[in-house]
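Have a look at protein-v9.cif; it's mmCIF, C-alpha atoms:
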data_coords
loop_
_atom_site.label_atom_id
_atom_site.label_comp_id
_atom_site.auth_asym_id
_atom_site.auth_seq_id
_atom_site.Cartn_x
_atom_site.Cartn_y
_atom_site.Cartn_z
CA MET A 169 -44.51 -22.26 -25.34
CA ALA A 170 -42.14 -20.36 -23.05
CA TYR A 171 -38.46 -20.61 -23.92
CA LYS A 172 -36.36 -22.84 -21.68
CA PRO A 173 -32.59 -22.56 -22.10
CA ASN A 174 -30.79 -25.81 -22.83
CA MET A 175 -27.44 -26.74 -21.31
CA GLU A 176 -25.54 -25.99 -24.50
CA ASP A 177 -26.83 -22.39 -24.57
CA ILE A 178 -26.16 -21.97 -20.87
CA LYS A 179 -22.56 -23.15 -21.24
CA LYS A 180 -22.08 -20.89 -24.25
CA LEU A 181 -23.27 -17.77 -22.42
CA ARG A 182 -21.26 -18.64 -19.32
CA THR A 183 -18.16 -18.89 -21.47
CA MET A 184 -18.94 -15.56 -23.08
CA THR A 185 -19.67 -13.67 -19.85
CA GLY A 186 -18.20 -15.60 -16.93
CA ALA A 187 -21.52 -15.24 -15.13
CA GLY A 188 -22.89 -17.81 -12.71
CA LEU A 189 -25.12 -20.70 -13.76
CA ALA A 190 -28.30 -19.36 -12.17
CA ASP A 191 -27.74 -15.84 -13.52
CA VAL A 192 -27.10 -17.12 -17.05
CA LYS A 193 -30.19 -19.34 -16.99
CA LYS A 194 -32.36 -16.47 -15.75
CA ALA A 195 -30.99 -14.02 -18.34
CA LEU A 196 -31.51 -16.45 -21.22
CA THR A 197 -35.06 -17.14 -20.09
CA GLU A 198 -35.90 -13.43 -19.85
CA ALA A 199 -34.26 -12.79 -23.23
CA GLU A 200 -36.05 -15.78 -24.77
CA GLY A 201 -32.77 -17.17 -26.09
CA ASP A 202 -31.44 -13.90 -27.52
CA PHE A 203 -27.74 -13.98 -26.55
CA ASP A 204 -27.10 -10.28 -27.10
CA LYS A 205 -30.10 -9.32 -24.98
CA ALA A 206 -29.09 -11.86 -22.33
CA LYS A 207 -25.60 -10.34 -22.17
CA ASP A 208 -27.14 -6.89 -21.75
CA LEU A 209 -29.31 -8.17 -18.91
CA LEU A 210 -26.29 -9.66 -17.15
CA ARG A 211 -24.35 -6.43 -17.60
CA GLU A 212 -27.26 -4.34 -16.25
CA ARG A 213 -27.55 -6.61 -13.24
CA GLY A 214 -23.85 -6.16 -12.59
CA LEU A 215 -24.17 -2.39 -12.86
CA ALA A 216 -27.09 -2.42 -10.42
CA ILE A 217 -25.08 -4.45 -7.92
CA ALA A 218 -22.08 -2.17 -8.36
CA ALA A 219 -24.24 0.91 -7.80
CA LYS A 220 -25.72 -0.55 -4.63
CA ARG A 221 -22.25 -1.34 -3.30
CA SER A 222 -20.59 1.91 -4.40
CA ASP A 223 -20.10 3.08 -0.81
CA ARG A 224 -18.67 -0.23 0.41
CA GLU A 225 -14.98 -0.60 1.28
CA THR A 226 -12.93 -2.89 -0.95
CA SER A 227 -10.26 -3.90 1.56
CA ASN A 228 -9.63 -7.35 0.13
CA GLY A 229 -8.71 -8.54 -3.33
CA CYS A 230 -6.09 -10.13 -5.53
CA VAL A 231 -2.72 -8.56 -6.37
CA LEU A 232 -0.71 -10.12 -9.20
CA VAL A 233 2.54 -9.30 -11.01
CA LYS A 234 3.94 -10.28 -14.39
CA VAL A 235 7.08 -9.65 -16.46
CA GLU A 236 7.10 -10.34 -20.19
CA ASN A 237 9.04 -9.06 -23.21
CA GLY A 238 10.59 -6.07 -21.49
CA PHE A 239 7.39 -4.92 -19.80
CA ALA A 240 6.19 -5.61 -16.26
CA ALA A 241 3.09 -4.69 -14.31
CA ILE A 242 1.34 -5.10 -10.98
CA ILE A 243 -2.43 -4.92 -10.76
CA ALA A 244 -4.98 -5.36 -8.00
CA LEU A 245 -8.60 -6.34 -8.43
CA LYS A 246 -10.23 -5.36 -5.15
CA CYS A 247 -13.38 -6.70 -3.50
CA GLU A 248 -15.05 -6.68 -0.10
CA THR A 249 -14.25 -10.10 1.42
CA ASP A 250 -11.37 -12.55 1.43
CA PHE A 251 -13.84 -15.31 0.55
CA VAL A 252 -14.42 -13.75 -2.87
CA ALA A 253 -10.76 -12.71 -3.20
CA ASN A 254 -9.58 -16.29 -2.78
CA GLY A 255 -12.03 -17.70 -5.35
CA ALA A 256 -10.50 -19.35 -8.41
CA ASP A 257 -12.72 -17.37 -10.80
CA PHE A 258 -11.77 -14.07 -9.19
CA ILE A 259 -8.05 -14.85 -9.34
CA ALA A 260 -8.41 -16.04 -12.94
CA LEU A 261 -10.12 -12.78 -13.91
CA THR A 262 -7.33 -10.77 -12.29
CA GLN A 263 -4.75 -12.82 -14.18
CA ASN A 264 -6.59 -12.37 -17.47
CA ILE A 265 -6.70 -8.61 -16.94
CA LEU A 266 -3.01 -8.51 -16.07
CA ASP A 267 -2.10 -10.62 -19.11
CA ALA A 268 -3.98 -8.20 -21.35
CA ALA A 269 -2.41 -5.16 -19.68
CA VAL A 270 1.13 -6.48 -20.08
CA LYS A 271 0.53 -7.52 -23.68
CA ALA A 272 -0.82 -4.04 -24.49
CA LYS A 273 1.88 -2.36 -22.36
CA CYS A 274 -0.69 -0.20 -20.59
CA LYS A 275 0.56 2.79 -18.62
CA THR A 276 -2.58 3.58 -16.58
CA VAL A 277 -5.45 1.75 -14.94
CA GLU A 278 -7.81 3.71 -17.20
CA GLU A 279 -6.13 2.16 -20.23
CA VAL A 280 -6.47 -1.27 -18.64
CA SER A 281 -10.22 -0.78 -18.09
CA GLU A 282 -10.73 -0.14 -21.80
CA LEU A 283 -8.91 -3.28 -22.94
CA THR A 284 -10.72 -6.20 -24.54
CA LEU A 285 -10.09 -9.61 -22.99
CA ALA A 286 -9.55 -12.82 -24.95
CA ASP A 287 -13.23 -13.73 -24.49
CA GLY A 288 -14.33 -10.51 -26.19
CA ARG A 289 -15.43 -8.64 -23.08
CA LYS A 290 -14.13 -5.21 -22.18
CA VAL A 291 -12.24 -5.28 -18.87
CA ALA A 292 -14.63 -2.81 -17.23
CA ASP A 293 -17.61 -4.97 -18.22
CA ALA A 294 -15.92 -8.15 -16.99
CA VAL A 295 -15.34 -6.58 -13.58
CA THR A 296 -18.93 -5.34 -13.43
CA GLN A 297 -20.28 -8.75 -14.35
CA ARG A 298 -18.15 -10.44 -11.69
CA SER A 299 -19.52 -7.92 -9.20
CA GLY A 300 -23.03 -8.90 -10.22
CA ILE A 301 -22.22 -12.57 -9.72
CA THR A 302 -20.68 -12.19 -6.26
CA GLY A 303 -22.82 -9.31 -5.00
CA GLU A 304 -19.71 -7.43 -3.90
CA LYS A 305 -18.26 -4.10 -4.97
CA MET A 306 -15.14 -4.53 -7.12
CA GLU A 307 -12.60 -2.12 -8.55
CA LEU A 308 -9.24 -2.12 -10.26
CA ASP A 309 -6.45 -0.46 -8.30
CA GLY A 310 -2.72 -0.43 -7.71
CA TYR A 311 -1.64 -0.47 -11.32
CA ASN A 312 2.12 -0.01 -11.58
CA TYR A 313 4.49 -0.78 -14.43
CA LEU A 314 8.17 -0.86 -15.37
CA GLU A 315 9.56 -1.05 -18.89
CA GLY A 316 12.96 -2.21 -20.08
CA ASP A 317 15.49 -4.94 -19.33
CA ASN A 318 16.52 -6.64 -16.09
CA ILE A 319 13.17 -6.49 -14.31
CA TYR A 320 12.46 -8.93 -11.47
CA SER A 321 9.16 -9.64 -9.74
CA TYR A 322 7.91 -11.07 -6.46
CA ASN A 323 4.50 -12.15 -5.17
CA HIS A 324 4.96 -12.26 -1.40
CA GLN A 325 4.55 -15.84 -0.19
CA GLY A 326 2.35 -16.47 -3.21
CA LYS A 327 -0.63 -15.05 -1.32
CA ASN A 328 -1.65 -12.43 -3.91
CA MET A 329 -1.66 -9.67 -1.30
CA LEU A 330 1.68 -7.90 -1.88
CA CYS A 331 3.72 -7.73 -5.09
CA THR A 332 6.93 -5.94 -6.02
CA LEU A 333 8.97 -5.12 -9.10
CA VAL A 334 12.65 -4.17 -9.24
CA GLN A 335 14.72 -3.09 -12.22
CA LEU A 336 18.53 -3.23 -12.22
CA ASN A 337 20.94 -1.71 -14.72
CA LYS A 338 22.46 -5.15 -15.36
CA ASP A 339 21.25 -8.74 -15.49
CA TYR A 340 21.83 -10.18 -11.99
CA GLU A 341 18.94 -12.51 -11.23
CA GLU A 342 19.93 -13.40 -7.66
CA GLN A 343 20.47 -9.79 -6.64
CA GLY A 344 17.34 -8.69 -8.48
CA HIS A 345 15.23 -11.26 -6.66
CA ASN A 346 16.73 -10.35 -3.30
CA ILE A 347 15.96 -6.67 -3.79
CA THR A 348 12.33 -7.51 -4.62
CA LEU A 349 12.25 -9.14 -1.17
CA GLN A 350 13.84 -6.03 0.32
CA VAL A 351 11.16 -3.81 -1.21
CA ALA A 352 8.41 -6.12 0.04
CA SER A 353 9.81 -6.24 3.56
CA MET A 354 11.05 -2.69 4.13
CA ASN A 355 8.55 -0.65 2.06
CA PRO A 356 10.90 2.13 0.86
CA VAL A 357 9.27 5.40 -0.12
CA ALA A 358 11.89 6.30 -2.73
CA LEU A 359 14.93 4.94 -4.54
CA ASP A 360 17.38 7.43 -3.03
CA GLU A 361 17.43 10.81 -1.30
CA GLU A 362 17.19 12.70 -4.60
CA SER A 363 14.05 10.73 -5.48
CA VAL A 364 12.15 11.80 -2.37
CA PRO A 365 9.61 14.47 -3.38
CA GLN A 366 10.52 17.91 -2.07
CA SER A 367 7.12 18.20 -0.40
CA VAL A 368 7.89 15.04 1.61
CA LYS A 369 11.33 16.37 2.57
CA ASP A 370 9.87 19.69 3.67
CA ASN A 371 7.18 18.01 5.74
CA GLU A 372 9.60 15.57 7.38
CA LEU A 373 11.98 18.42 8.23
CA GLN A 374 9.21 20.41 9.89
CA VAL A 375 8.15 17.34 11.86
CA ALA A 376 11.76 16.75 12.90
CA ILE A 377 12.20 20.36 14.01
CA GLN A 378 8.96 20.38 16.00
CA LYS A 379 9.71 17.03 17.62
CA THR A 380 13.16 18.27 18.63
CA LYS A 381 11.72 21.46 20.13
CA ASP A 382 9.07 19.50 22.03
CA GLU A 383 11.68 17.15 23.44
CA GLN A 384 13.92 20.00 24.60
CA VAL A 385 11.00 21.71 26.32
CA GLU A 386 9.90 18.45 27.93
CA LYS A 387 13.41 17.79 29.30
CA ALA A 388 13.55 21.26 30.82
CA VAL A 389 10.12 20.83 32.44
CA GLU A 390 11.03 17.40 33.86
CA ALA A 391 14.25 18.76 35.33
CA ALA A 392 12.38 21.65 36.95
CA LEU A 393 9.71 19.35 38.42
CA LYS A 394 12.31 16.99 39.88
CA LYS A 395 14.21 19.93 41.38
CA ALA A 396 10.94 21.02 43.03
CA GLY A 397 10.41 17.53 44.43
CA VAL A 398 7.55 16.59 42.10
CA ASN A 399 7.45 13.26 40.30
CA PRO A 400 7.04 14.15 36.56
CA ASN A 401 5.22 10.87 35.89
CA LEU A 402 2.38 11.92 38.20
CA VAL A 403 1.71 15.21 36.42
CA ASP A 404 2.36 14.46 32.74
CA SER A 405 -1.24 15.35 31.74
CA ASP A 406 -4.34 17.01 33.21
CA ASP A 407 -6.21 13.70 33.22
CA HIS A 408 -3.32 12.02 35.01
CA ILE A 409 -3.16 14.80 37.57
CA SER A 410 -6.89 14.51 38.32
CA SER A 411 -6.62 10.73 38.57
CA ASN A 412 -3.67 10.90 40.95
CA ILE A 413 -5.41 13.46 43.15
CA ALA A 414 -8.41 11.12 43.37
CA LYS A 415 -6.10 8.26 44.32
CA GLY A 416 -4.44 10.35 47.02
CA TRP A 417 -1.06 10.30 45.31
CA LEU A 418 -1.10 14.09 44.82
CA THR A 419 -2.49 16.92 46.89
CA GLU A 420 -4.29 19.87 45.33
CA GLU A 421 -1.38 22.08 46.40
CA GLU A 422 1.17 19.79 44.70
CA ALA A 423 -0.92 19.70 41.56
CA ALA A 424 -1.18 23.49 41.45
CA LYS A 425 2.55 23.81 42.00
CA ALA A 426 3.25 21.32 39.19
CA ARG A 427 0.95 23.14 36.78
CA GLU A 428 2.63 26.44 37.53
CA ILE A 429 6.11 25.01 36.99
CA LYS A 430 5.12 23.30 33.77
CA GLU A 431 3.56 26.42 32.29
CA LYS A 432 6.35 28.78 33.31
CA VAL A 433 9.32 26.58 32.39
CA ALA A 434 7.77 25.44 29.09
CA ALA A 435 7.20 29.03 27.99
CA GLU A 436 10.69 30.16 29.01
CA LYS A 437 12.43 27.19 27.36
CA ALA A 438 10.41 27.47 24.13
CA ALA A 439 11.38 31.14 23.86
CA ASN A 440 15.07 30.44 24.32
CA LEU A 441 15.82 27.33 22.34
CA PRO A 442 19.23 27.41 20.59
CA GLU A 443 18.38 27.45 16.89
CA GLN A 444 21.62 25.85 15.68
CA MET A 445 21.27 22.94 18.07
CA ILE A 446 17.66 22.39 16.95
CA GLN A 447 18.71 22.41 13.29
CA ASN A 448 21.58 19.97 13.92
CA ILE A 449 19.35 17.48 15.75
CA ALA A 450 16.67 17.83 13.06
CA LYS A 451 19.26 17.12 10.36
CA GLY A 452 20.21 13.98 12.23
CA ARG A 453 16.60 12.90 12.24
CA MET A 454 16.39 13.55 8.49
CA ALA A 455 19.49 11.41 7.92
CA LYS A 456 17.77 8.61 9.81
CA PHE A 457 14.62 9.10 7.72
CA PHE A 458 16.58 8.74 4.47
CA LYS A 459 18.41 5.67 5.79
CA GLU A 460 15.15 3.96 6.74
CA ASN A 461 13.05 5.00 3.74
CA CYS A 462 15.34 5.23 0.70
CA LEU A 463 15.90 1.82 -0.86
CA VAL A 464 19.62 2.10 -1.62
CA ASN A 465 20.30 3.50 1.88
CA GLN A 466 18.34 0.86 3.75
CA GLU A 467 20.18 -1.85 5.63
CA TYR A 468 20.04 -4.94 3.42
CA ILE A 469 17.70 -7.44 5.09
CA LYS A 470 20.09 -10.39 4.70
CA ALA A 471 23.24 -8.50 5.61
CA GLU A 472 25.42 -9.84 8.42
CA ASN A 473 27.55 -6.72 8.68
CA LYS A 474 24.78 -4.12 8.42
CA GLU A 475 25.72 -3.13 4.86
CA ASN A 476 23.14 -1.14 2.94
CA VAL A 477 21.48 -2.14 -0.33
CA ALA A 478 23.90 -0.10 -2.44
CA ALA A 479 26.89 -1.86 -0.84
CA TYR A 480 25.26 -5.27 -1.29
CA LEU A 481 24.86 -4.66 -5.02
CA LYS A 482 28.36 -3.22 -5.33
CA ALA A 483 29.79 -6.41 -3.82
CA ALA A 484 28.41 -8.33 -6.82
CA ASP A 485 29.44 -5.73 -9.41
CA LYS A 486 30.91 -2.31 -8.70
CA ASP A 487 28.57 -0.76 -11.29
CA LEU A 488 25.40 -2.64 -10.32
CA LYS A 489 22.53 -0.33 -9.33
CA VAL A 490 18.77 -0.25 -8.85
CA VAL A 491 17.09 1.69 -11.63
CA ALA A 492 13.52 1.63 -10.31
CA PHE A 493 11.07 -0.28 -8.13
CA LYS A 494 7.32 -0.63 -7.64
CA ARG A 495 5.28 -2.03 -4.77
CA PHE A 496 1.60 -2.55 -4.02
CA THR A 497 -0.13 -4.17 -1.09
CA LEU A 498 -3.72 -4.53 0.10
CA ARG A 499 -2.66 -4.44 3.74
CA ALA A 500 -1.69 -1.42 5.80
CA ASP A 501 2.05 -1.42 6.44
#
Kindly transcribe the structure held in the file into C-alpha cells.
Amino acid sequence: MAYKPNMEDIKKLRTMTGAGLADVKKALTEAEGDFDKAKDLLRERGLAIAAKRSDRETSNGCVLVKVENGFAAIIALKCETDFVANGADFIALTQNILDAAVKAKCKTVEEVSELTLADGRKVADAVTQRSGITGEKMELDGYNYLEGDNIYSYNHQGKNMLCTLVQLNKDYEEQGHNITLQVASMNPVALDEESVPQSVKDNELQVAIQKTKDEQVEKAVEAALKKAGVNPNLVDSDDHISSNIAKGWLTEEEAAKAREIKEKVAAEKAANLPEQMIQNIAKGRMAKFFKENCLVNQEYIKAENKENVAAYLKAADKDLKVVAFKRFTLRAD
C-alpha cells in the first residue's frame, strides 16, 4: 500500500523546514515517510526554483535591525514582490536570521549564510527553501554591523524598508535616536570630511571643476548671442534649432549665425578660462558637497536655527560625538 503522510508527520516536517503544506505532503509521499529524504527533496526543489529565478531582480524584501549586548546589525532578505516581502513567514525568517547573526556577532553576510538557525537549518538552506515555497528569487543583502556601547537603531516607520544604526561616544538616548532619524532622512555618505574616500573626493572635485568650466563657457556664449540679437533659448541645442526653424521662429540665416557664434565664443572662452577663479568656485562646490553629505556637517533636520548635527550634539554635551553610523534601504534615494 502506498504511503500517505498523516497530519502529525506533515506538521513535524513543516516545523523542521518551514515549507508549505502542499510541498511537505508531496515530499513525504515521494520519500515514503523518510524525513531526511523528504528534506532533501524540499531543498532540491528550492535550489531548482532559485536557479530558474537567478536572473530575476530582487527589488523588494524585508530590512530589519537589532541591538543586543553591545552588538548591532542590519540585514535585508530580498525577494521579487512586495506581496512576498510583506508575508508573516518571510518577515519571521528575516528576524530569525538577524537574531542568529547578532547572537553570533557576524561580520559579513557570508558568515551569516553559514549560521545554523534555532530549528536546525543552515541559513542558506532556509532561504533556498523559502524561495522554493514562494517561487521567487531570494537573497541576503545589506548586512551592516556596529559593535560597542551607545548604539541606537531605527526602522523607518516600521515598514521594514529602511533601517539605520548610530553609535555615540556617550549614552544619550534622545540624541542617539534623533541622529538615527537624521541618517534615515538625509542619507549621508560619510561621518565627516576625513571619512570621505579619497577616490570620491577626487571624482567630486573633477565634476565640480568641469561643471564650473561649462557654466563659464555657457555664460559667455549667452552674452554673445544676446549682443548679436539672438534669443539663446531658441538655439540651445541642434534639435531645438531645427524645431524652431520648422515653427518659423528662426530663419536659416539666424540659425547659421547662432551656430557660428556658439562655436567661436565657446572655443575662445574655454581656452582662456582663469584657472584660479575656476579652482575657487570648485572649492566652494566641494564645501557644499561636504555640508550636504557628511553627517556631522549636515543641517540637523529638527533644527530651528540651521545648526548642524555636530552643534546639536554639542548643545547636549560639549564632548558628545557620533562614532559611526550604518544605513540600508531597498528603495533608491
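Among the candidates A:Asn328, A:Ala352, A:Asn318, A:Lys193, the residue lying nearest to Gly255 in chain A is A:Asn328 (atoms considered: only C-alpha atoms).
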Expansion of the PyMOL selection byres ((chain A and resi 469-473) around 10) into residues, as an NGL selection string:
:A and (346-347 or 349-351 or 353-354 or 466-468 or 474-477 or 479-480)
Nearest to Asn448 in chain A, chosen from A:Arg289, A:Lys381, A:Lys369, A:Lys180, with all atoms listed in the file counted in the distances:
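Going through A:Arg289, A:Lys381, A:Lys369, A:Lys180 one by one, the smallest distance to Asn448 in chain A is for A:Lys381.
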One decimal, in Å: what's the spacing between CA of Asn228 in chain A and CA of Ala286 in chain A?
25.7 Å
I need the residue set behind the PyMOL selection byres ((chain A and resi 200) around 12) for this file; please write it as a compact mmCIF listing (two decimals) with C-alpha atoms, in the frame of the given file.
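Here's the written file part_20.txt:
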# COMPACT_ATOMS: atom_id res chain seq x y z
CA MET A 169 -44.51 -22.26 -25.34
CA ALA A 170 -42.14 -20.36 -23.05
CA TYR A 171 -38.46 -20.61 -23.92
CA LYS A 172 -36.36 -22.84 -21.68
CA PRO A 173 -32.59 -22.56 -22.10
CA ASN A 174 -30.79 -25.81 -22.83
CA ASP A 177 -26.83 -22.39 -24.57
CA VAL A 192 -27.10 -17.12 -17.05
CA LYS A 193 -30.19 -19.34 -16.99
CA LYS A 194 -32.36 -16.47 -15.75
CA ALA A 195 -30.99 -14.02 -18.34
CA LEU A 196 -31.51 -16.45 -21.22
CA THR A 197 -35.06 -17.14 -20.09
CA GLU A 198 -35.90 -13.43 -19.85
CA ALA A 199 -34.26 -12.79 -23.23
CA GLY A 201 -32.77 -17.17 -26.09
CA ASP A 202 -31.44 -13.90 -27.52
CA PHE A 203 -27.74 -13.98 -26.55
CA ASP A 204 -27.10 -10.28 -27.10
CA LYS A 205 -30.10 -9.32 -24.98
CA ALA A 206 -29.09 -11.86 -22.33
CA LEU A 209 -29.31 -8.17 -18.91
Find, counting only C-alpha atoms, the residue in A:Asp191, A:Leu308, A:Thr348, A:Asn264 that gets nearest to Gly288 in chain A.
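Nearest to Gly288 in chain A: A:Asn264.
Distance check against His345 in chain A using only C-alpha atoms: of A:Gln374, A:Thr276, A:Thr332, A:Asn461, the minimum falls on A:Thr332.
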Near Val334 in chain A, counting all atoms listed in the file, which residues have an atom at most 6 Å away, once you skip same-chain residues fewer than 2 positions from it, shown as a VMD selection string?
chain A and resid 319 to 320 348 492 to 493
Could you tell me how far CA of Lys246 in chain A lies from CA of Ile259 in chain A, in Å and to one decimal?
10.6 Å
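Taking CA of Gln447 in chain A as the reference point, CA of Val357 in chain A is found at 23.6 Å.
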Expand the PyMOL selection byres ((chain A and resi 310) around 9) into the individual residues it matches in the shown file, reporting them as a PDB file with C-alpha atoms, in the frame of the given file.
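Output file expr00.pdb is given in full below:
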ATOM      1  CA  VAL A 231      -2.720  -8.560  -6.370  1.00  0.00           C
ATOM      2  CA  ILE A 242       1.340  -5.100 -10.980  1.00  0.00           C
ATOM      3  CA  ILE A 243      -2.430  -4.920 -10.760  1.00  0.00           C
ATOM      4  CA  ALA A 244      -4.980  -5.360  -8.000  1.00  0.00           C
ATOM      5  CA  LEU A 245      -8.600  -6.340  -8.430  1.00  0.00           C
ATOM      6  CA  VAL A 277      -5.450   1.750 -14.940  1.00  0.00           C
ATOM      7  CA  LEU A 308      -9.240  -2.120 -10.260  1.00  0.00           C
ATOM      8  CA  ASP A 309      -6.450  -0.460  -8.300  1.00  0.00           C
ATOM      9  CA  TYR A 311      -1.640  -0.470 -11.320  1.00  0.00           C
ATOM     10  CA  ASN A 312       2.120  -0.010 -11.580  1.00  0.00           C
ATOM     11  CA  ARG A 495       5.280  -2.030  -4.770  1.00  0.00           C
ATOM     12  CA  PHE A 496       1.600  -2.550  -4.020  1.00  0.00           C
ATOM     13  CA  THR A 497      -0.130  -4.170  -1.090  1.00  0.00           C
ATOM     14  CA  LEU A 498      -3.720  -4.530   0.100  1.00  0.00           C
TER      15      LEU A 498
END
Non-local contacts of Glu282 in chain A (8 Å; only C-alpha atoms; under 6 positions in same chain excluded) as a CSV table (one decimal) with C-alpha atoms, keeping the file's coordinate frame:
chain,number,residue,atom,x,y,z
A,290,LYS,CA,-14.1,-5.2,-22.2
A,291,VAL,CA,-12.2,-5.3,-18.9
A,292,ALA,CA,-14.6,-2.8,-17.2
If we count all atoms listed in the file, what is near Ala260 in chain A at a cut-off of 12 Å, once residues fewer than 3 positions away on the same chain are taken out, given as a list in words?
Gly186, Cys230, Val231, Leu232, Leu245, Val252, Ala253, Asn254, Gly255, Ala256, Asp257, Gln263, Asn264, Ile265, Leu266, Asp267, Ala294, Val295, Arg298 and Asn328 of chain A
For Arg453 in chain A, please output as a count of residues only all residues within 9 Å (counting all atoms listed in the file; exclusion window: fewer than 4 positions along the same chain).
8
Considering only C-alpha atoms, can you say which of A:Val375, A:Met306, A:Val270, A:Cys331 comes closest to Lys451 in chain A?
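Ranking A:Val375, A:Met306, A:Val270, A:Cys331 by distance to Lys451 in chain A, first place goes to A:Val375.
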Neighbour list for Trp417 in chain A as an MDAnalysis selection string, cut-off 12 Å, all atoms listed in the file, skip fewer than 3 positions in-chain:
chainID A and resid 398:399 401:403 408:414 420:423
